[in-house]
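Engineer: One structure is given below, represented as structure tokens, and several questions about it will come after.
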There are 4 protein chains.
Amino acid sequence: MLPWSVDLAGRIDEQVVVSDVLRGNPLGDPHERPLWVYLPPGYDDEPERRYPSVYVIQGYTGHLAMWRNRTAYRQPFPELADAVFARGEAPPLIVVYVDAWTAYGGSQFVDSPGTGRYHTYLCDEVVPFVDARYRTLAAPAHRGISGKSSGGFGAMITPMLRPDLFGALATHAGDALYELCYIKEFGDAARHLRSYGGDIQRWWADFRGRTAFTKEEDQLLLMLLGVSACFSAGEDGTPELPFDPVTGELRPDVWQRWLDWDPVRMVPAYADALRGLRGVWIDAGTRDQWYLDLGAEAFRRALREVGVSEDVVAFELFDATHTAIDYRYPLSLAWLAQRLAPDA
Amino acid sequence: MLPWSVDLAGRIDEQVVVSDVLRGNPLGDPHERPLWVYLPPGYDDEPERRYPSVYVIQGYTGHLAMWRNRTAYRQPFPELADAVFARGEAPPLIVVYVDAWTAYGGSQFVDSPGTGRYHTYLCDEVVPFVDARYRTLAAPAHRGISGKSSGGFGAMITPMLRPDLFGALATHAGDALYELCYIKEFGDAARHLRSYGGDIQRWWADFRGRTAFTKEEDQLLLMLLGVSACFSAGEDGTPELPFDPVTGELRPDVWQRWLDWDPVRMVPAYADALRGLRGVWIDAGTRDQWYLDLGAEAFRRALREVGVSEDVVAFELFDATHTAIDYRYPLSLAWLAQRLAPDA
Amino acid sequence: MLPWSVDLAGRIDEQVVVSDVLRGNPLGDPHERPLWVYLPPGYDDEPERRYPSVYVIQGYTGHLAMWRNRTAYRQPFPELADAVFARGEAPPLIVVYVDAWTAYGGSQFVDSPGTGRYHTYLCDEVVPFVDARYRTLAAPAHRGISGKSSGGFGAMITPMLRPDLFGALATHAGDALYELCYIKEFGDAARHLRSYGGDIQRWWADFRGRTAFTKEEDQLLLMLLGVSACFSAGEDGTPELPFDPVTGELRPDVWQRWLDWDPVRMVPAYADALRGLRGVWIDAGTRDQWYLDLGAEAFRRALREVGVSEDVVAFELFDATHTAIDYRYPLSLAWLAQRLAPDA
Amino acid sequence: MLPWSVDLAGRIDEQVVVSDVLRGNPLGDPHERPLWVYLPPGYDDEPERRYPSVYVIQGYTGHLAMWRNRTAYRQPFPELADAVFARGEAPPLIVVYVDAWTAYGGSQFVDSPGTGRYHTYLCDEVVPFVDARYRTLAAPAHRGISGKSSGGFGAMITPMLRPDLFGALATHAGDALYELCYIKEFGDAARHLRSYGGDIQRWWADFRGRTAFTKEEDQLLLMLLGVSACFSAGEDGTPELPFDPVTGELRPDVWQRWLDWDPVRMVPAYADALRGLRGVWIDAGTRDQWYLDLGAEAFRRALREVGVSEDVVAFELFDATHTAIDYRYPLSLAWLAQRLAPDA
């Protein structure tokens, strides 16, 4: 494998979506968003054929151009995805790469007064944009969503909220079981905030005025500020932390707003939607730094408890941390392609 | 400082308490317990003089004989305590070293069907035993309690429960703010329990049949099993874990039993007792592995919120982890001696 | 700062160099190599003007396309370099991005029967290629070289070997002081090799047959195999490890071949070349995992001891590890631009 | 197992040795030293019977009284050793617990102008002291030596130097293969010494004036200062570090003095002594922080290469770090007892 470049068997259309719902978003992020649409090999040769589609969303601090990033001895996912279809390992489908970046590093793919209406953007603007321009099979039975980490979270919740759109999902180390993935961070954050008088806005002002990620606390505080903007912003958009910045104590009311977005806890309320899914891929590394292997176990159990058939669930824990697990994405994509194929 | 030995200025009486309340305890631990009573220099010279007393309790897996342990370049606490009085740094008092060991490594100084009635043992057997045999000032204004880690926890809760006995306390990195000190452990424990089919009793059987602490999981699982025995045993004494051993999810009802023993959460219900204290020493290392620095902050704040005067509180965070902080104990002992002195 | 893209003030020419010296290299790597030549703003407007040049080389497992990689909240170095000139912070120069990738992940920029003649490729093919096609100031006083980690190593040794070509250098956390940066790794490697019968070729066969970097040992063994191919290959090209794979013991003769490539140890033999340099930038993070801050100190001292003037040396240790220090590269580039300017 | 106390089947005589060779030692340490002599069960019942003996020495910062230290769920070694004989698992022998503490935390059991003549003390004072007072089999065939870490080092070198005294040894994670166990520490030490102007004596003065081990660097700098005092003191006793305190570079001449004490490197010069041993026990944990598992492998290989028969060697690597491996000592003691028994 040479490291520098590869020709795709299919092709990627680089689009820009001019969003209405993101116009005037609270963080001043662009409302014109890049979107990549991957068309599999043969797409142009069969002008009548329609294809399933999978929407791919990213983890926290991910943005669209990062899909091009190259590392030694591995290929970027878009190339690996192309290879799945080029080698005939799965029925062809359209892969839609969505950007939901914000100034805080992410949107969690929800609507929030703190960041903007990224859930609506995805569901009511991007999906119609794609269906209007490409030969998709525009029905939930043939439309899936996939992501890792925060993207895995988005992939779990979006089909719960919109079963009319998505009929399958894949979550790789998706955020879940918030007592384990988040609470420990609050202790570390409170310690870091001692240097900022307990005021995360002071850190944020500092962060924006210097080279990012040159302080140990940057990654953690950015994530907590951003997720607070997504899950627990005030009506004016101000992020409210779910913990006391001095003692680290849970603030029960704010924390409850986070828990309301815990996929494990959401399952019962969305049982009908979940029982209608054609495929649910769940995986995580057994040494995930945020215990998302346990989140995966808990999500699987919650699905079972509301009657989701084990036949539609693919579950695997593998030996890894949260890092460098991109090689898993083609596995779920191929599996989703089987599940979403017109004759599946 | 030579490492091998030292002569005390005072002296230690090694006693055995024959306990009624520990007889037939559920773990089959001895009901005859060692007890050390330290008498300060001059005690034998003034046969009419009465002294304040401080009860010293230990952290998890501590037992009485460990007070003799020596390490390089440091002296055991009983020698350091003796030096406080030998040098006249504080008014003399009697120090009572209590043993509350159990087969699980500790008792948390509570009464439990899982371990035994160690709270009652301490309050209704040890205290009268000492008062009957030594010239104490047998009143709460002159009786304190001190400990580290689980011993710090015991030092916080015992005066809440028994203000008729204890009028001052010192907690060094005492267990508090359970969402931060415990929940993370549940994730690690669930992972470890994969090797035992999710059954902590299988681990326990294994642990007892081999050299202790030769497996990475031993320390953590021992502590969780033992604290479950203390806080959330069934009526038959069986420890119930506060988390699902497969997913790590909190079991809300069992977890609530733990939270009921969180000193931070206990404060409002025991506000009267706490407002009556003559001295509260709170400290912890800023890098404590269980975030007990934040527990210390939260306990201090809870005291303030119920009206405990800042005049009676000594609070300090210092640069350390949870380990090797025994050099702090003489500081609190000297401070308590001032607070408990007859003319204070 | 938006994360997705930026327009350069200057421009990048993407070239391919057809190498003679790499043809038939022992690893079967391509002899046609990508090369990027960055031309600063104004280059096309002043067709007579000639410019200094800086050759930028990469760390281990780096390859040319990785310069495009984007991360959140930071810009790729080629954009930051462009901004230096766009903002007029330094006199303009030409930046040449060189690729010296091999199947083992790198070449250390030396000639070796184990990997190929990458030193010769750089000096006798790339430099003339650039000078022939671009308006460079083709003299060592106006030509520099810069890199990080293995690239910093290359930036230290290449001007020693070829003072006729390079008159300034910048090393960011460059490999140096091999007793500290390498020997510890040998112990870890020997432990990892227990799973491979002490045979690194068995690991290599395994590595090539699966997803890279899914085993803990991959990064380390790859580096040691590759650097052995660079520094201590047999005449037939077989890499020879500098340590016994069972015991971790140094193999003195092979280890000496590595030491012969230690920049700190090379300085005395190349004192004349080094005394002729116009600028030497040396930096590293104080927590560098390979102790390259100490390597930087040692290299600086070695320069001083052979009489390199402190006036031409810029030295800084900063609070960082070996990771994510790309924000330092524009600093050295601007400094080199001052040093290499025609009127400097 | 109750944690508090145990009655031995044998008994321990607590002696004091008044040493001539330690009188006036350079650190002002006592020349009257504690010595424990353990007599196995039956010793007093068979007044004519003579016994083999094993001398037990300690790791760095160990001193005699630490053998009494108790921890939860484990027994002190003297109790475990007693149990070996009480249960008849091995032929009885006399165990001699030697103290070689110094103000720097240890002596490495060598003679040095930096610390004192501890090798001579052990060989020419302690051994005769014991043989004169107890019914030993006073011949090397029946006398062994055992230790862990620095004590393991002492157990390796003492029989090399004095085959007329010791005929068997046990080394648990003994210091060996110095390039792996020491060099990495030099990098860390140089970093720590930045806070002390590169002067370890400034650290030492600071260390002695405050509570020990309250700074991260204390353990490491103490060990390096102390071992320098043992291996590379000047004639006036001043410890000379084997590395440059600013750059971490090896100082070849001083480092060579350390290497001269590397058991692996000493083997060829003492081949005759080693070939005469009746038993050599070598073990270490596979995750030893100082790579002493590799040191163990290298020592074993060195023995093999000089012709020590594999029949007399017991070798084992086990899953552990350097810490908490005291449960291994009874295993080697029982094995040595077999080897040293009069009819072995």
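Within each chain, counting starts at residue 1; across the structure tokens, chains are named A, B, ... in the order shown, with ligands numbered 1 upward in that order.
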Starting from chain A, keep only residues with some atom at most 10 Å from an atom of chain B, counting only C-alpha atoms, and report them as a compact mmCIF listing (two decimals) with N, CA, C and O atoms, in the first residue's frame.

Structural biologist:
# COMPACT_ATOMS: atom_id res chain seq x y z
N LEU A 177 -24.55 5.76 28.34
CA LEU A 177 -24.37 5.44 29.76
C LEU A 177 -23.57 6.56 30.42
O LEU A 177 -22.42 6.41 30.82
N TYR A 178 -24.25 7.70 30.55
CA TYR A 178 -23.54 8.93 30.88
C TYR A 178 -22.90 8.92 32.25
O TYR A 178 -21.94 9.66 32.50
N GLU A 179 -23.41 8.13 33.18
CA GLU A 179 -22.74 8.12 34.48
C GLU A 179 -21.30 7.65 34.35
O GLU A 179 -20.42 8.09 35.08
N LEU A 180 -21.06 6.76 33.41
CA LEU A 180 -19.68 6.28 33.26
C LEU A 180 -18.86 7.13 32.31
O LEU A 180 -17.67 7.32 32.52
N CYS A 181 -19.46 7.61 31.24
CA CYS A 181 -18.61 8.33 30.27
C CYS A 181 -18.37 9.77 30.67
O CYS A 181 -17.36 10.35 30.27
N TYR A 182 -19.26 10.36 31.45
CA TYR A 182 -19.10 11.79 31.71
C TYR A 182 -18.69 12.15 33.13
O TYR A 182 -17.93 13.10 33.32
N ILE A 183 -19.21 11.47 34.14
CA ILE A 183 -19.07 12.03 35.49
C ILE A 183 -17.61 12.16 35.92
O ILE A 183 -17.21 13.16 36.51
N LYS A 184 -16.81 11.15 35.60
CA LYS A 184 -15.41 11.26 35.97
C LYS A 184 -14.78 12.55 35.41
O LYS A 184 -13.93 13.18 36.06
N GLU A 185 -15.18 12.92 34.21
CA GLU A 185 -14.62 14.12 33.61
C GLU A 185 -14.91 15.37 34.43
O GLU A 185 -14.15 16.33 34.42
N PHE A 186 -16.04 15.34 35.13
CA PHE A 186 -16.41 16.53 35.90
C PHE A 186 -15.39 16.79 37.01
O PHE A 186 -15.08 17.94 37.33
N GLY A 187 -14.90 15.72 37.61
CA GLY A 187 -13.87 15.89 38.63
C GLY A 187 -12.60 16.50 38.04
O GLY A 187 -12.03 17.44 38.60
N ASP A 188 -12.18 15.96 36.93
CA ASP A 188 -10.99 16.52 36.30
C ASP A 188 -11.22 17.97 35.90
O ASP A 188 -10.34 18.82 36.06
N ALA A 190 -13.26 20.18 37.22
CA ALA A 190 -13.28 21.08 38.38
C ALA A 190 -11.85 21.39 38.82
O ALA A 190 -11.53 22.54 39.17
N ARG A 191 -11.01 20.38 38.79
CA ARG A 191 -9.61 20.66 39.13
C ARG A 191 -8.97 21.64 38.15
O ARG A 191 -8.27 22.57 38.55
N ASP A 244 -20.98 21.52 39.61
CA ASP A 244 -20.47 22.71 40.27
C ASP A 244 -18.98 22.84 39.95
O ASP A 244 -18.21 21.91 40.22
N PRO A 245 -18.56 23.97 39.40
CA PRO A 245 -17.16 24.05 38.97
C PRO A 245 -16.15 24.09 40.12
O PRO A 245 -14.97 23.90 39.89
N VAL A 246 -16.61 24.34 41.32
CA VAL A 246 -15.69 24.36 42.46
C VAL A 246 -15.57 22.99 43.12
O VAL A 246 -14.48 22.51 43.42
N THR A 247 -16.70 22.34 43.32
CA THR A 247 -16.69 21.07 44.05
C THR A 247 -16.83 19.86 43.13
O THR A 247 -16.58 18.73 43.56
N GLY A 248 -17.23 20.08 41.90
CA GLY A 248 -17.48 18.95 41.03
C GLY A 248 -18.81 18.25 41.27
O GLY A 248 -19.14 17.28 40.60
N GLU A 249 -19.57 18.74 42.24
CA GLU A 249 -20.87 18.11 42.53
C GLU A 249 -21.81 18.18 41.34
O GLU A 249 -21.86 19.19 40.64
N LEU A 250 -22.57 17.12 41.14
CA LEU A 250 -23.61 17.16 40.12
C LEU A 250 -24.62 18.25 40.45
O LEU A 250 -25.01 18.41 41.61
N VAL A 264 -29.12 5.20 26.27
CA VAL A 264 -29.60 4.06 27.06
C VAL A 264 -30.92 4.41 27.74
O VAL A 264 -31.86 3.61 27.76
N THR A 286 -12.74 -2.59 24.08
CA THR A 286 -12.88 -3.04 25.48
C THR A 286 -12.11 -2.15 26.45
O THR A 286 -12.28 -2.27 27.66
N ARG A 287 -11.24 -1.29 25.94
CA ARG A 287 -10.48 -0.41 26.81
C ARG A 287 -10.81 1.06 26.54
O ARG A 287 -10.01 1.95 26.84
N TRP A 290 -13.69 6.16 27.73
CA TRP A 290 -14.95 6.66 28.28
C TRP A 290 -15.93 5.53 28.61
O TRP A 290 -17.11 5.76 28.71
N TYR A 291 -15.42 4.35 28.73
CA TYR A 291 -16.25 3.18 29.09
C TYR A 291 -17.39 2.97 28.09
O TYR A 291 -18.45 2.49 28.47
N LEU A 292 -17.14 3.31 26.84
CA LEU A 292 -18.22 3.19 25.88
C LEU A 292 -18.46 1.75 25.46
O LEU A 292 -19.49 1.45 24.84
N ASP A 293 -17.57 0.85 25.86
CA ASP A 293 -17.87 -0.57 25.71
C ASP A 293 -19.03 -0.94 26.65
O ASP A 293 -19.91 -1.72 26.29
N LEU A 294 -19.02 -0.36 27.82
CA LEU A 294 -20.13 -0.60 28.75
C LEU A 294 -21.38 0.14 28.27
O LEU A 294 -22.49 -0.38 28.38
N GLY A 295 -21.19 1.31 27.71
CA GLY A 295 -22.31 2.00 27.10
C GLY A 295 -22.92 1.16 25.98
O GLY A 295 -24.16 1.09 25.83
N ALA A 296 -22.07 0.50 25.22
CA ALA A 296 -22.56 -0.37 24.14
C ALA A 296 -23.35 -1.54 24.71
O ALA A 296 -24.44 -1.87 24.24
N GLU A 297 -22.80 -2.15 25.75
CA GLU A 297 -23.52 -3.26 26.42
C GLU A 297 -24.88 -2.78 26.94
O GLU A 297 -25.89 -3.47 26.80
N ALA A 298 -24.89 -1.63 27.55
CA ALA A 298 -26.13 -1.13 28.14
C ALA A 298 -27.15 -0.78 27.06
O ALA A 298 -28.35 -1.03 27.22
N PHE A 299 -26.68 -0.22 25.95
CA PHE A 299 -27.60 0.10 24.85
C PHE A 299 -28.18 -1.19 24.26
O PHE A 299 -29.39 -1.29 24.02
N ARG A 300 -27.32 -2.18 24.08
CA ARG A 300 -27.81 -3.45 23.56
C ARG A 300 -28.85 -4.05 24.49
O ARG A 300 -29.91 -4.50 24.05
N ARG A 301 -28.58 -4.02 25.77
CA ARG A 301 -29.54 -4.60 26.70
C ARG A 301 -30.86 -3.83 26.69
O ARG A 301 -31.94 -4.41 26.74

Engineer: For stretch 312-318 of chain A, work out the shell of residues within 8 Å, counting only C-alpha atoms and skipping chain neighbours fewer than 6 positions away, then give it as a short mmCIF file (atom, residue, chain, number, x, y, z; two decimals) with N, CA, C and O atoms, in the first residue's frame.

Structural biologist:
data_model
loop_
_atom_site.label_atom_id
_atom_site.label_comp_id
_atom_site.auth_asym_id
_atom_site.auth_seq_id
_atom_site.Cartn_x
_atom_site.Cartn_y
_atom_site.Cartn_z
N LEU A 277 -36.46 -0.88 13.31
CA LEU A 277 -35.19 -0.80 12.58
C LEU A 277 -34.85 -2.12 11.90
O LEU A 277 -35.14 -3.20 12.41
N ARG A 278 -34.18 -2.02 10.76
CA ARG A 278 -33.76 -3.21 10.02
C ARG A 278 -32.36 -3.65 10.41
O ARG A 278 -31.94 -4.76 10.08
N GLY A 279 -31.62 -2.76 11.05
CA GLY A 279 -30.26 -3.13 11.41
C GLY A 279 -29.69 -2.18 12.45
O GLY A 279 -29.87 -0.96 12.36
N VAL A 280 -29.05 -2.74 13.45
CA VAL A 280 -28.39 -1.94 14.49
C VAL A 280 -27.00 -2.55 14.73
O VAL A 280 -26.89 -3.66 15.24
N TRP A 281 -25.99 -1.84 14.35
CA TRP A 281 -24.60 -2.27 14.57
C TRP A 281 -24.08 -1.52 15.78
O TRP A 281 -24.14 -0.29 15.84
N ILE A 282 -23.58 -2.25 16.74
CA ILE A 282 -23.05 -1.64 17.96
C ILE A 282 -21.68 -2.24 18.21
O ILE A 282 -21.53 -3.46 18.35
N ASP A 283 -20.67 -1.40 18.31
CA ASP A 283 -19.37 -1.93 18.72
C ASP A 283 -18.60 -0.89 19.52
O ASP A 283 -18.99 0.28 19.61
N ALA A 284 -17.52 -1.35 20.15
CA ALA A 284 -16.65 -0.46 20.93
C ALA A 284 -15.42 -1.25 21.36
O ALA A 284 -15.43 -2.49 21.35
N GLY A 285 -14.40 -0.51 21.72
CA GLY A 285 -13.17 -1.15 22.20
C GLY A 285 -13.28 -1.48 23.68
O GLY A 285 -13.83 -0.69 24.46
N THR A 286 -12.74 -2.59 24.08
CA THR A 286 -12.88 -3.04 25.48
C THR A 286 -12.11 -2.15 26.45
O THR A 286 -12.28 -2.27 27.66
N ASP A 293 -17.57 0.85 25.86
CA ASP A 293 -17.87 -0.57 25.71
C ASP A 293 -19.03 -0.94 26.65
O ASP A 293 -19.91 -1.72 26.29
N ARG A 300 -27.32 -2.18 24.08
CA ARG A 300 -27.81 -3.45 23.56
C ARG A 300 -28.85 -4.05 24.49
O ARG A 300 -29.91 -4.50 24.05
#

Engineer: Just want the 7 Å neighbourhood of A:Val17, counted on only C-alpha atoms, with same-chain residues fewer than 3 positions away dropped. Output as a PyMOL selection string.

Structural biologist: chain A and resi 32-35

Engineer: Could you go through stretch 193-308 of chain B and tell me which residues DSSP, when run on the backbone, assigns to alpha helix (DSSP H), listing them as number ranges by chain?

Structural biologist: B: 193, 200-208, 218-231, 252-259, 263-266, 271-275, 292-305

Engineer: Rank A:Ala189, A:Arg339, A:Asp164, A:Tyr134 by their smallest atom-to-atom distance to A:Asp44, using only C-alpha atoms, and report the top residue only.

Structural biologist: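 Closest to A:Asp44, using only C-alpha atoms: A:Tyr134.
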
Engineer: Skip stretch 102-108 of chain A itself and residues of its chain fewer than 5 positions away, then list as an mmCIF file with N, CA, C and O atoms, in the first residue's frame all residues within 8 Å of it, counting only C-alpha atoms.

Structural biologist:
data_model
loop_
_atom_site.group_PDB
_atom_site.id
_atom_site.type_symbol
_atom_site.label_atom_id
_atom_site.label_comp_id
_atom_site.auth_asym_id
_atom_site.auth_seq_id
_atom_site.Cartn_x
_atom_site.Cartn_y
_atom_site.Cartn_z
ATOM 1 N N LEU A 27 -23.738 30.635 17.319
ATOM 2 C CA LEU A 27 -22.284 30.738 17.389
ATOM 3 C C LEU A 27 -21.692 31.444 16.178
ATOM 4 O O LEU A 27 -20.466 31.586 16.078
ATOM 5 N N ASP A 29 -21.616 30.318 13.219
ATOM 6 C CA ASP A 29 -20.990 29.377 12.290
ATOM 7 C C ASP A 29 -21.645 29.495 10.913
ATOM 8 O O ASP A 29 -22.789 29.943 10.785
ATOM 9 N N GLY A 59 -17.225 12.342 14.929
ATOM 10 C CA GLY A 59 -17.045 12.500 16.363
ATOM 11 C C GLY A 59 -16.738 13.939 16.739
ATOM 12 O O GLY A 59 -16.579 14.817 15.875
ATOM 13 N N TYR A 60 -16.647 14.167 18.041
ATOM 14 C CA TYR A 60 -16.423 15.527 18.530
ATOM 15 C C TYR A 60 -15.112 16.089 17.983
ATOM 16 O O TYR A 60 -14.096 15.417 17.978
ATOM 17 N N THR A 61 -15.153 17.330 17.573
ATOM 18 C CA THR A 61 -14.067 18.072 16.905
ATOM 19 C C THR A 61 -13.802 17.568 15.492
ATOM 20 O O THR A 61 -12.817 17.991 14.871
ATOM 21 N N GLY A 62 -14.667 16.721 14.984
ATOM 22 C CA GLY A 62 -14.518 16.325 13.586
ATOM 23 C C GLY A 62 -15.163 17.327 12.648
ATOM 24 O O GLY A 62 -16.175 17.945 12.979
ATOM 25 N N THR A 115 -26.153 26.033 20.204
ATOM 26 C CA THR A 115 -25.307 25.799 19.035
ATOM 27 C C THR A 115 -26.043 26.017 17.727
ATOM 28 O O THR A 115 -25.473 26.554 16.772
ATOM 29 N N GLY A 116 -27.288 25.564 17.665
ATOM 30 C CA GLY A 116 -28.031 25.687 16.415
ATOM 31 C C GLY A 116 -28.856 24.435 16.190
ATOM 32 O O GLY A 116 -28.864 23.516 17.003
ATOM 33 N N TYR A 118 -28.936 21.566 14.395
ATOM 34 C CA TYR A 118 -28.209 20.624 13.546
ATOM 35 C C TYR A 118 -28.996 19.338 13.297
ATOM 36 O O TYR A 118 -28.815 18.695 12.269
ATOM 37 N N SER A 150 -19.182 10.831 19.329
ATOM 38 C CA SER A 150 -20.354 11.693 19.229
ATOM 39 C C SER A 150 -21.161 11.353 17.980
ATOM 40 O O SER A 150 -22.395 11.469 17.976
ATOM 41 N N GLY A 151 -20.475 10.932 16.947
ATOM 42 C CA GLY A 151 -21.181 10.496 15.749
ATOM 43 C C GLY A 151 -21.977 9.220 15.996
ATOM 44 O O GLY A 151 -23.051 9.019 15.419
ATOM 45 N N PHE A 153 -23.270 8.518 18.878
ATOM 46 C CA PHE A 153 -24.425 9.054 19.611
ATOM 47 C C PHE A 153 -25.478 9.562 18.625
ATOM 48 O O PHE A 153 -26.661 9.209 18.707
ATOM 49 N N GLY A 154 -25.051 10.386 17.691
ATOM 50 C CA GLY A 154 -25.982 10.904 16.690
ATOM 51 C C GLY A 154 -26.662 9.776 15.918
ATOM 52 O O GLY A 154 -27.858 9.853 15.600
ATOM 53 N N LEU A 222 -13.073 21.940 26.448
ATOM 54 C CA LEU A 222 -13.770 22.204 25.186
ATOM 55 C C LEU A 222 -14.960 21.275 25.039
ATOM 56 O O LEU A 222 -16.075 21.705 24.707
ATOM 57 N N MET A 223 -14.739 20.020 25.289
ATOM 58 C CA MET A 223 -15.815 19.038 25.140
ATOM 59 C C MET A 223 -16.953 19.326 26.106
ATOM 60 O O MET A 223 -18.125 19.312 25.724
ATOM 61 N N LEU A 225 -17.726 22.161 27.607
ATOM 62 C CA LEU A 225 -18.410 23.400 27.241
ATOM 63 C C LEU A 225 -19.334 23.150 26.056
ATOM 64 O O LEU A 225 -20.500 23.560 26.045
ATOM 65 N N GLY A 226 -18.805 22.456 25.070
ATOM 66 C CA GLY A 226 -19.585 22.221 23.861
ATOM 67 C C GLY A 226 -20.794 21.338 24.103
ATOM 68 O O GLY A 226 -21.900 21.629 23.621
ATOM 69 N N VAL A 227 -20.610 20.271 24.851
ATOM 70 C CA VAL A 227 -21.761 19.393 25.096
ATOM 71 C C VAL A 227 -22.780 20.098 25.974
ATOM 72 O O VAL A 227 -23.993 19.909 25.812
ATOM 73 N N CYS A 230 -24.853 21.998 23.771
ATOM 74 C CA CYS A 230 -25.798 21.148 23.035
ATOM 75 C C CYS A 230 -26.948 20.665 23.912
ATOM 76 O O CYS A 230 -28.095 20.629 23.486
ATOM 77 N N ALA C 72 -8.926 19.909 14.267
ATOM 78 C CA ALA C 72 -9.768 20.971 14.787
ATOM 79 C C ALA C 72 -8.922 22.077 15.407
ATOM 80 O O ALA C 72 -7.972 21.796 16.139
#

Engineer: Restricting the calculation to only C-alpha atoms, which member of B:Pro268, B:Pro52, B:Gly10, B:Gly152 is positioned closest to B:Phe85?

Structural biologist: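 Smallest separation from B:Phe85 among the options: B:Gly10.
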
Engineer: Mind checking which residues fall within 10 Å of B:Glu235, counting only C-alpha atoms, ignoring those fewer than 6 positions away in the same chain, and posting them as an mmCIF file with C-alpha atoms, in the first residue's frame?

Structural biologist:
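Contents of the output file selection-v2.cif:
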data_model
loop_
_atom_site.group_PDB
_atom_site.id
_atom_site.type_symbol
_atom_site.label_atom_id
_atom_site.label_comp_id
_atom_site.auth_asym_id
_atom_site.auth_seq_id
_atom_site.Cartn_x
_atom_site.Cartn_y
_atom_site.Cartn_z
ATOM 1 C CA SER B 112 -24.448 -3.510 58.804
ATOM 2 C CA PRO B 113 -25.930 -6.991 58.445
ATOM 3 C CA GLY B 114 -23.115 -7.593 55.950
#

Engineer: Could you please determine the separation between atom CA of A:Gly174 and atom CA of C:Thr71 in Å, to one decimal place?

Structural biologist: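 Atom CA of C:Thr71 lies at a distance of 20.5 Å from atom CA of A:Gly174.
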
Engineer: Env of B:Glu89: 12 Å cut, atoms = only C-alpha atoms, seq-sep filter 5 positions within chain, self excluded. Answer as a tab-separated table (two decimals) with N, CA and C atoms, in the first residue's frame.

Structural biologist:
chain	number	residue	atom	x	y	z
B	80	LEU	N	5.13	9.97	65.78
B	80	LEU	CA	4.96	11.39	65.46
B	80	LEU	C	3.97	12.04	66.41
B	81	ALA	N	2.93	11.31	66.73
B	81	ALA	CA	1.93	11.84	67.67
B	81	ALA	C	2.57	12.06	69.04
B	82	ASP	N	3.34	11.10	69.45
B	82	ASP	CA	4.04	11.23	70.73
B	82	ASP	C	4.95	12.46	70.73
B	83	ALA	N	5.61	12.68	69.61
B	83	ALA	CA	6.54	13.81	69.53
B	83	ALA	C	5.82	15.14	69.65
B	84	VAL	N	4.59	15.19	69.16
B	84	VAL	CA	3.81	16.42	69.28
B	84	VAL	C	3.71	16.83	70.76
B	330	PRO	N	-0.29	14.19	62.26
B	330	PRO	CA	0.09	14.93	63.47
B	330	PRO	C	-0.39	16.38	63.45
B	331	LEU	N	-0.52	16.94	62.26
B	331	LEU	CA	-0.99	18.33	62.17
B	331	LEU	C	-2.41	18.45	62.71
B	332	SER	N	-3.26	17.53	62.27
B	332	SER	CA	-4.65	17.61	62.75
B	332	SER	C	-4.73	17.23	64.22
B	333	LEU	N	-3.88	16.31	64.64
B	333	LEU	CA	-3.93	15.91	66.05
B	333	LEU	C	-3.59	17.09	66.97
B	334	ALA	N	-2.56	17.83	66.60
B	334	ALA	CA	-2.18	18.99	67.40
B	334	ALA	C	-3.30	20.04	67.41
B	335	TRP	N	-3.92	20.19	66.25
B	335	TRP	CA	-5.02	21.16	66.15
B	335	TRP	C	-6.20	20.72	67.00
B	336	LEU	N	-6.54	19.44	66.92
B	336	LEU	CA	-7.64	18.93	67.74
B	336	LEU	C	-7.32	19.07	69.23
B	337	ALA	N	-6.05	18.85	69.57
B	337	ALA	CA	-5.66	18.96	70.99
B	337	ALA	C	-5.94	20.36	71.51
B	338	GLN	N	-5.68	21.37	70.67
B	338	GLN	CA	-6.01	22.74	71.07
B	338	GLN	C	-7.52	22.90	71.26
